[in-house]
Every structure is written in C-alpha cells, then in structure tokens.
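The data block below is query.cif; it holds mmCIF, C-alpha atoms.
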data_work
loop_
_atom_site.label_atom_id
_atom_site.label_comp_id
_atom_site.auth_asym_id
_atom_site.auth_seq_id
_atom_site.Cartn_x
_atom_site.Cartn_y
_atom_site.Cartn_z
CA MET P 9 23.08 -0.43 -13.12
CA LEU P 10 21.02 0.60 -10.10
CA VAL P 11 17.46 1.85 -9.88
CA GLU P 12 17.87 2.93 -6.27
CA ASP P 13 21.43 4.26 -6.44
CA ALA P 14 22.98 7.23 -8.19
CA PRO P 15 25.54 6.18 -10.81
CA SER P 16 29.10 6.91 -9.77
CA SER P 17 29.94 8.58 -13.07
CA SER P 18 29.65 12.35 -12.97
CA SER P 19 28.31 12.29 -16.54
CA ARG P 20 25.02 10.72 -15.42
CA PRO P 21 22.22 12.42 -13.41
CA ASN P 22 21.98 11.68 -9.69
CA LEU P 23 18.93 9.42 -9.35
CA ALA P 24 19.18 9.46 -5.55
CA THR P 25 17.66 12.97 -5.60
CA SER P 26 14.53 11.75 -7.39
CA ASP P 27 11.34 11.06 -5.41
CA SER P 28 11.05 7.70 -7.19
CA PHE P 29 14.44 6.42 -6.08
CA GLN P 30 16.22 5.60 -2.84
CA ILE P 31 19.69 4.22 -2.28
CA ALA P 32 20.14 0.45 -2.29
CA SER P 33 23.23 -1.74 -2.37
CA SER P 34 23.83 -4.59 -4.81
CA SER P 35 26.64 -6.12 -2.79
CA GLY P 36 26.33 -9.63 -1.36
CA PRO P 37 27.12 -13.09 -2.72
CA ASN P 38 24.08 -14.85 -1.29
CA HIS P 39 21.46 -13.79 -3.79
CA GLN P 40 18.87 -16.48 -4.50
CA ARG P 41 16.30 -16.95 -7.20
CA ALA P 42 12.72 -16.03 -6.26
CA PRO P 43 10.87 -19.30 -5.56
CA ASN P 44 7.63 -17.96 -7.02
CA GLY P 45 9.11 -15.81 -9.76
CA PRO P 46 8.74 -14.19 -12.06
CA TRP P 47 11.82 -15.69 -13.71
CA TYR P 48 12.49 -15.92 -17.45
CA ASP P 49 15.56 -17.86 -18.55
CA ASP P 50 15.91 -15.63 -21.60
CA GLY P 51 15.39 -12.42 -19.62
CA ASN P 52 17.97 -9.66 -19.98
CA ILE P 53 17.83 -7.86 -16.63
CA VAL P 54 17.77 -9.02 -13.01
CA VAL P 55 15.85 -7.20 -10.28
CA LEU P 56 17.20 -7.62 -6.74
CA ALA P 57 15.08 -7.22 -3.58
CA GLU P 58 17.10 -7.86 -0.42
CA ASN P 59 18.77 -11.17 -1.32
CA THR P 60 16.15 -12.35 -3.84
CA VAL P 61 16.55 -12.01 -7.61
CA PHE P 62 13.96 -11.86 -10.44
CA LYS P 63 15.01 -12.25 -14.08
CA VAL P 64 12.74 -10.29 -16.41
CA TYR P 65 12.76 -8.21 -19.60
CA LYS P 66 14.25 -4.73 -19.64
CA GLY P 67 12.07 -3.45 -22.48
CA ILE P 68 8.77 -4.50 -20.87
CA LEU P 69 9.86 -3.10 -17.51
CA ALA P 70 10.78 0.23 -19.11
CA GLU P 71 7.53 0.37 -21.08
CA SER P 72 5.48 -0.39 -17.96
CA CYS P 73 7.06 1.99 -15.41
CA ASP P 74 8.12 5.62 -15.76
CA ALA P 75 10.90 5.28 -13.18
CA PHE P 76 12.56 2.32 -14.91
CA ARG P 77 12.18 3.99 -18.32
CA GLU P 78 14.00 7.05 -16.95
CA MET P 79 16.77 4.98 -15.42
CA PHE P 80 17.33 2.81 -18.50
CA SER P 81 17.57 5.91 -20.70
CA PHE P 82 20.86 6.96 -19.10
CA PRO P 83 24.04 5.89 -20.92
CA GLN P 84 25.75 2.87 -19.39
CA PRO P 85 29.40 1.79 -19.64
CA ASP P 86 30.30 -0.90 -22.15
CA GLU P 87 31.25 -3.22 -19.30
CA LEU P 88 29.66 -3.23 -15.85
CA PRO P 89 31.56 -4.28 -12.71
CA ALA P 90 31.06 -7.90 -11.67
CA GLU P 91 29.09 -6.85 -8.57
CA GLU P 92 26.52 -5.16 -10.83
CA LEU P 93 25.88 -8.32 -12.86
CA TRP P 94 23.98 -11.54 -12.21
CA GLU P 95 24.53 -14.39 -14.66
CA GLY P 96 25.76 -11.82 -17.16
CA CYS P 97 22.69 -9.58 -16.84
CA PRO P 98 22.63 -6.07 -15.32
CA LEU P 99 21.50 -6.13 -11.69
CA VAL P 100 18.85 -3.63 -10.54
CA PRO P 101 18.67 -3.46 -6.71
CA LEU P 102 15.47 -2.17 -5.07
CA THR P 103 14.80 -1.22 -1.45
CA ASP P 104 11.41 -2.97 -1.39
CA SER P 105 10.68 -6.38 0.16
CA PRO P 106 10.89 -9.52 -2.02
CA GLN P 107 7.22 -10.25 -1.33
CA GLU P 108 6.10 -6.86 -2.65
CA VAL P 109 8.43 -6.96 -5.65
CA SER P 110 7.25 -10.46 -6.58
CA VAL P 111 3.59 -9.39 -6.57
CA PHE P 112 4.36 -6.22 -8.51
CA LEU P 113 6.45 -7.90 -11.20
CA LYS P 114 3.89 -10.68 -11.62
CA ALA P 115 1.21 -8.04 -12.19
CA ILE P 116 3.38 -6.55 -14.94
CA PHE P 117 4.52 -9.75 -16.66
CA LYS P 118 1.56 -12.04 -15.92
CA GLU P 119 -1.55 -9.92 -16.30
CA SER P 120 -3.82 -12.80 -15.26
CA THR P 121 -2.49 -12.58 -11.70
CA PHE P 122 -4.00 -9.12 -11.20
CA LEU P 123 -7.28 -8.63 -13.02
CA ARG P 124 -9.73 -5.76 -12.67
CA VAL P 125 -12.94 -5.79 -10.64
CA PRO P 126 -14.95 -8.04 -10.21
CA ALA P 127 -12.03 -10.51 -10.01
CA LYS P 128 -11.10 -11.38 -6.45
CA GLN P 129 -7.80 -10.22 -4.93
CA THR P 130 -6.11 -10.22 -1.54
CA TYR P 131 -5.61 -7.14 0.59
CA PRO P 132 -1.80 -7.53 0.92
CA ASN P 133 -1.36 -7.93 -2.85
CA VAL P 134 -3.50 -4.90 -3.68
CA LEU P 135 -1.67 -2.74 -1.13
CA SER P 136 1.74 -3.85 -2.44
CA ILE P 137 0.75 -3.08 -6.01
CA LEU P 138 -0.70 0.30 -5.07
CA ARG P 139 2.47 1.31 -3.24
CA LEU P 140 4.92 0.16 -5.91
CA SER P 141 2.83 1.33 -8.88
CA ASN P 142 2.76 4.78 -7.30
CA LYS P 143 6.49 4.65 -6.52
CA TYR P 144 7.66 3.43 -9.93
CA GLY P 145 4.99 5.06 -12.08
CA ASN P 146 2.59 2.46 -13.47
CA ALA P 147 -0.77 4.19 -13.92
CA GLU P 148 -2.63 1.10 -15.12
CA LEU P 149 -1.76 -1.02 -12.07
CA GLN P 150 -2.43 1.92 -9.78
CA PHE P 151 -5.92 2.27 -11.27
CA LYS P 152 -6.62 -1.45 -10.82
CA ALA P 153 -5.47 -1.37 -7.18
CA LEU P 154 -7.61 1.67 -6.37
CA GLU P 155 -10.59 0.07 -8.10
CA HIS P 156 -10.29 -2.99 -5.84
CA LEU P 157 -9.84 -0.91 -2.69
CA SER P 158 -12.88 1.19 -3.54
CA THR P 159 -15.08 -1.92 -3.37
CA THR P 160 -14.30 -2.27 0.34
CA LEU P 161 -13.80 1.43 1.17
CA PRO P 162 -17.07 3.00 -0.06
CA THR P 163 -17.45 6.76 -0.34
CA THR P 164 -21.28 6.99 -0.52
CA LEU P 165 -24.09 5.62 1.63
CA SER P 166 -25.45 3.48 -1.22
CA GLU P 167 -21.99 1.95 -1.77
CA PHE P 168 -21.66 1.34 1.96
CA ASP P 169 -24.98 -0.52 2.06
CA ALA P 170 -23.93 -2.70 -0.91
CA VAL P 171 -20.32 -3.34 0.12
CA ASP P 172 -20.85 -6.97 1.16
CA ALA P 173 -22.19 -7.81 -2.29
CA THR P 174 -19.68 -5.82 -4.35
CA LYS P 175 -16.34 -6.07 -2.53
CA THR P 176 -13.54 -8.01 -4.23
CA LEU P 177 -11.33 -8.23 -1.14
CA ALA P 178 -11.77 -10.46 1.90
CA SER P 179 -12.05 -8.80 5.30
CA PRO P 180 -8.62 -7.32 6.07
CA ARG P 181 -6.46 -8.10 9.08
CA ARG P 182 -5.65 -5.28 11.46
CA VAL P 183 -2.15 -4.92 9.99
CA ASP P 184 -3.74 -4.60 6.53
CA ARG P 185 -6.00 -1.81 7.77
CA PHE P 186 -3.03 0.07 9.19
CA ARG P 187 -0.98 -0.41 6.02
CA ALA P 188 -3.93 0.60 3.84
CA ALA P 189 -4.33 3.93 5.65
CA ASP P 190 -0.64 4.80 5.28
CA ILE P 191 -0.25 3.63 1.67
CA ILE P 192 -3.42 5.45 0.59
CA ALA P 193 -2.15 8.63 2.26
CA GLU P 194 1.32 8.27 0.69
CA SER P 195 -0.27 7.76 -2.73
CA GLY P 196 -2.26 10.97 -2.40
CA GLU P 197 -5.60 9.16 -2.82
CA THR P 198 -7.31 11.17 -0.09
CA TRP P 199 -10.81 10.28 -1.35
CA LEU P 200 -10.30 6.77 0.13
CA LEU P 201 -8.60 7.88 3.34
CA PRO P 202 -11.63 8.71 5.55
CA MET P 203 -13.12 5.23 5.18
CA ALA P 204 -9.68 3.62 5.53
CA LEU P 205 -9.24 5.38 8.89
CA PHE P 206 -12.80 4.50 9.88
CA ARG P 207 -12.00 0.82 9.28
CA VAL P 208 -9.06 1.19 11.68
CA ILE P 209 -11.24 2.78 14.37
CA GLN P 210 -13.84 0.04 13.94
CA MET P 211 -11.40 -2.67 14.98
CA CYS P 212 -8.80 -1.05 17.24
CA THR P 213 -8.61 0.54 20.65
CA VAL P 214 -6.86 3.84 21.31
CA GLU P 215 -3.88 1.89 22.66
CA LYS P 216 -3.58 -0.16 19.43
CA ILE P 217 -3.83 2.96 17.30
CA TYR P 218 -0.97 4.52 19.23
CA MET P 219 1.24 1.46 19.80
CA GLY P 220 0.57 -0.44 16.57
CA VAL P 221 -0.75 -3.94 15.92
CA THR P 222 0.89 -7.34 15.49
CA GLU P 223 -0.27 -10.28 13.38
CA GLY P 224 2.05 -13.27 13.58
CA GLU P 225 5.57 -11.90 13.07
CA GLU P 226 4.38 -8.69 11.39
CA THR P 227 4.03 -5.49 13.41
CA VAL P 228 2.65 -2.34 11.80
CA LYS P 229 2.38 1.16 13.23
CA MET P 230 0.57 3.95 11.41
CA SER P 231 2.09 7.31 10.60
CA SER P 232 1.74 9.95 13.31
CA ARG P 233 -0.57 11.96 11.04
CA ASN P 234 -2.98 9.05 10.63
CA GLN P 235 -2.76 8.25 14.34
CA LEU P 236 -3.79 11.82 15.16
CA ALA P 237 -6.68 11.69 12.68
CA CYS P 238 -7.97 8.47 14.29
CA LEU P 239 -7.69 9.84 17.83
CA GLN P 240 -9.53 13.02 16.84
CA ALA P 241 -12.25 10.88 15.29
CA TYR P 242 -12.50 8.87 18.51
CA VAL P 243 -13.16 12.05 20.49
CA LYS P 244 -15.82 13.20 18.02
CA ASN P 245 -17.42 9.75 18.05
CA ILE P 246 -17.66 9.72 21.85
CA LYS P 247 -19.21 13.18 21.81
CA ALA P 248 -21.75 12.11 19.18
CA VAL P 249 -22.70 8.99 21.16
CA ARG P 250 -23.26 11.08 24.30
CA GLU P 251 -25.50 13.48 22.40
CA ILE P 252 -27.55 10.59 21.00
CA LEU P 253 -27.92 8.94 24.41
CA THR P 254 -28.89 12.26 25.96
CA PHE P 255 -31.57 12.72 23.32
CA LEU P 256 -32.94 9.20 23.80
CA SER P 257 -32.84 9.14 27.62
CA PRO P 258 -36.15 10.10 29.36
CA VAL P 259 -34.53 12.53 31.85
CA PRO P 260 -37.00 15.03 33.46
CA LEU P 261 -36.24 18.71 32.98
CA LEU P 262 -34.52 20.33 35.93
CA GLY P 263 -36.84 22.56 37.99
CA ALA P 264 -40.05 20.99 36.69
CA ARG P 265 -42.74 20.37 39.31
CA LEU P 266 -45.18 17.50 39.25
CA GLN P 267 -48.79 18.65 39.62
CA ARG P 268 -51.91 16.69 40.42
CA PRO P 269 -54.58 16.44 37.75
CA GLY P 270 -57.16 19.21 38.02
CA LYS P 271 -54.91 21.45 40.13
CA VAL P 272 -53.56 24.73 38.85
#

Could you render the structure as structure tokens?
Amino acid sequence: MLVEDAPSSSSRPNLATSDSFQIASSSGPNHQRAPNGPWYDDGNIVVLAENTVFKVYKGILAESCDAFREMFSFPQPDELPAEELWEGCPLVPLTDSPQEVSVFLKAIFKESTFLRVPAKQTYPNVLSILRLSNKYGNAELQFKALEHLSTTLPTTLSEFDAVDATKTLASPRRVDRFRAADIIAESGETWLLPMALFRVIQMCTVEKIYMGVTEGEETVKMSSRNQLACLQAYVKNIKAVREILTFLSPVPLLGARLQRPGKV
C-alpha cells in the first residue's frame, strides 16, 4: 500500500496523477527504525522515508491528513506482497527525507513537540512542517507553521519594529532563508513571500543568490523565479540608495555663478 505510488490494480484510481502524490519505491531490505521516532509497538501501519521506518496508527494518520485519508479509502487486497509489508504492517513509502517525516509525524502524534505561538520552535522544523502539511493536507499544522513564520517575517511596520520581542524562531541560517522563500512560494502563502525574499537579500550577495548557499554538508539553491525576484529587488535597492545619496549630497547646481555680497 503506497502513498506515493499508483496501485497496480486497474480497479483502483491512479494516485500518481494527484498533486499530493509522487512515485516512490518500497523495495530494499535495509530499512531501519527511526532513532528518534515516532514508533509505537502496537501501531498498525509503517511509514517509510528513504531507508527509515516509522510505526504509527493508520486511523490517526487518516484523520489528520487529507492525502492519507484519500489513499486509505481505496480497497486493498486481502493479502499484500511481502515487499509491501514491514513486521506484518502495510508499508507506506514517501519521497520526503527521514528528517522531515520525523518532525511531521511527531507534530501529528505528539502535539507537545509543536505548540502554537508563543512557544519557541526551530526554523528547519517549522519549514518541514509547513511543506509536508501543505503536501499531505493538514490545515491545523499548516496554520501553526505559518503563525510561527509570521513572527519573524512581519508584514507591517509596527510588526517589523517589534519582531525581536515577538519572534518565536531563532535567527535563520542562510540555507533556511533560501528554503523558506521556496517553501512559502510553493505553499501559495504569498503574503509572507516579500519579507522572506528581503531576508535573503539582507544576508546574501548576488553571486550567492544565483549559485546557492552551503552550510555544512547542505547546499540549497532557490527557484529561478525567486532568484529573479531577488535580483530585481537588488536593482531597485541600488537605484533607491543612489537617489537618497543624491538628495543628501551638497552638490552645487550646474551653471550657478557665485556672486559677491552687495553685487548684482
């Protein structure tokens, strides 16, 4: 039983055509239990991300996410092939990273790990939850993630002035800023995008915007659309700075003649 794959039976709808699903393979004997869970010994379904497995509850997963509810509603054969089972439970392969899936599943099954504002959160966790809640259809987690992001991406001047006192996220790394811009754009939350792109411009040169940034072993490059938006903003910013400097500089008017006092 695959979330990311279309069932082989012609009697079931092709999930691969849905925006919420992409093809993933469940093959591979080297699956390992997630070191940080979630894992429930009495769970009845196993989620697979790359080679990492998470044992959880089918009913709660279906109740929490539209995409899983849709997938679980399709009739399944009485017996699944061995490669679609893990310790006797149906295996659900995803195309997302184990780190993202772990954070997302914890937010579903352990609510205390992802509380609303003013609780503190980390930028990577919030971005992972925003992306997967949008992908799999969990409106509550999506709202929480956007609420946290809004504390560090203000949309009004008064919010901007108060951001240091109200933000629930620590200052992001450059890779987080790049990921935030793309995930916000993919989620359709355009009201946060201008400030997300501004945060990129604040910290990065034109070369970094175009080539991407690296933190440790992680390299992130923004979408071409966001790159273009940042470069256009750079040009406008340079023009604005020149206009301000021109206004402030005491340059004499061309053609003006100095005259002695008392002379006409």

ask   = Could you write out as a list in words the residues that the PyMOL selection byres ((chain P and resi 235-239) around 8) matches in the shown file?
value = Leu205, Phe206, Val208, Ile209, Val214, Ile217, Tyr218, Met230, Ser231, Ser232, Arg233, Asn234, Gln240, Ala241, Tyr242 and Val243 of chain P

Same residues, C-alpha atoms, output as a PDB file, keeping the file's coordinate frame:
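The new file result35.pdb reads:
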ATOM      1  CA  LEU P 205      -9.240   5.380   8.890  1.00  0.00           C
ATOM      2  CA  PHE P 206     -12.800   4.500   9.880  1.00  0.00           C
ATOM      3  CA  VAL P 208      -9.060   1.190  11.680  1.00  0.00           C
ATOM      4  CA  ILE P 209     -11.240   2.780  14.370  1.00  0.00           C
ATOM      5  CA  VAL P 214      -6.860   3.840  21.310  1.00  0.00           C
ATOM      6  CA  ILE P 217      -3.830   2.960  17.300  1.00  0.00           C
ATOM      7  CA  TYR P 218      -0.970   4.520  19.230  1.00  0.00           C
ATOM      8  CA  MET P 230       0.570   3.950  11.410  1.00  0.00           C
ATOM      9  CA  SER P 231       2.090   7.310  10.600  1.00  0.00           C
ATOM     10  CA  SER P 232       1.740   9.950  13.310  1.00  0.00           C
ATOM     11  CA  ARG P 233      -0.570  11.960  11.040  1.00  0.00           C
ATOM     12  CA  ASN P 234      -2.980   9.050  10.630  1.00  0.00           C
ATOM     13  CA  GLN P 240      -9.530  13.020  16.840  1.00  0.00           C
ATOM     14  CA  ALA P 241     -12.250  10.880  15.290  1.00  0.00           C
ATOM     15  CA  TYR P 242     -12.500   8.870  18.510  1.00  0.00           C
ATOM     16  CA  VAL P 243     -13.160  12.050  20.490  1.00  0.00           C
TER      17      VAL P 243
END

ask   = From the set P:Glu197, P:Glu95, P:Glu223, P:Glu78, which residue has the shortest atom-to-atom contact distance to P:Gly51, counting only C-alpha atoms?
value = P:Glu95

ask   = Could you write out as a ChimeraX atom specification the residues that the PyMOL selection byres ((chain P and resi 177-187) around 9) matches in the shown file?
value = /P:128-132,134-135,156-157,159-160,175-176,188-192,204-205,207-208,211-212,217,220-223,226-231

task = List the neighbours of P:Trp199 out to 10 Å using only C-alpha atoms; skip same-chain residues closer than 6 positions along the sequence, and give me the result as a PyMOL selection string.
result = chain P and resi 158+161-163+192-193

ask   = Between atom CA of P:Ile116 and atom CA of P:Thr60, what is the spacing in Å?
value =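 Between atom CA of P:Thr60 and atom CA of P:Ile116 the gap works out to 17.9 Å.
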
inquiry  = As a check of understanding, name the residues that the PyMOL selection byres ((chain P and resi 52) around 12) selects in the supplied structure, as a list in words.
reply    =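 Output of the PyMOL selection byres ((chain P and resi 52) around 12): Trp47, Tyr48, Asp49, Asp50, Gly51, Ile53, Val54, Val55, Phe62, Lys63, Val64, Tyr65, Lys66, Gly67, Ile68, Leu69, Leu93, Trp94, Glu95, Gly96, Cys97, Pro98, Leu99 and Val100 of chain P.
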
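Take atom CA of P:Asn38 and atom CA of P:Asn133: the distance between them is 26.4 Å.
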
Taking all listed atoms of stretch 135-152 of chain P, build the axis-aligned box, pad each of the six sides by 8 Å, then write its centre and edge lengths in Å to one decimal as JSON.
{"center_x": 0.5, "center_y": 0.6, "center_z": -8.1, "size_x": 30.3, "size_y": 24.9, "size_z": 30.0}

query = Interatomic distance between atom CA of P:Asp104 and atom CA of P:Arg77?
reply = 18.3 Å

ask   = Which is closer to P:Thr121 than all the others in P:Pro101, P:Ser166, P:Pro46, P:Leu256, using only C-alpha atoms?
value = P:Pro46

request  = Pull the neighbourhood of (-1.6, -3.1, -13.0) for me: all residues within 7 Å in file coordinates, counting all atoms listed in the file, as a list in words.
outcome  =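 The residues near that point, listed by chain and number, are Ala115, Ile116, Phe122, Asn146, Glu148, Leu149, Gln150 and Lys152 of chain P.
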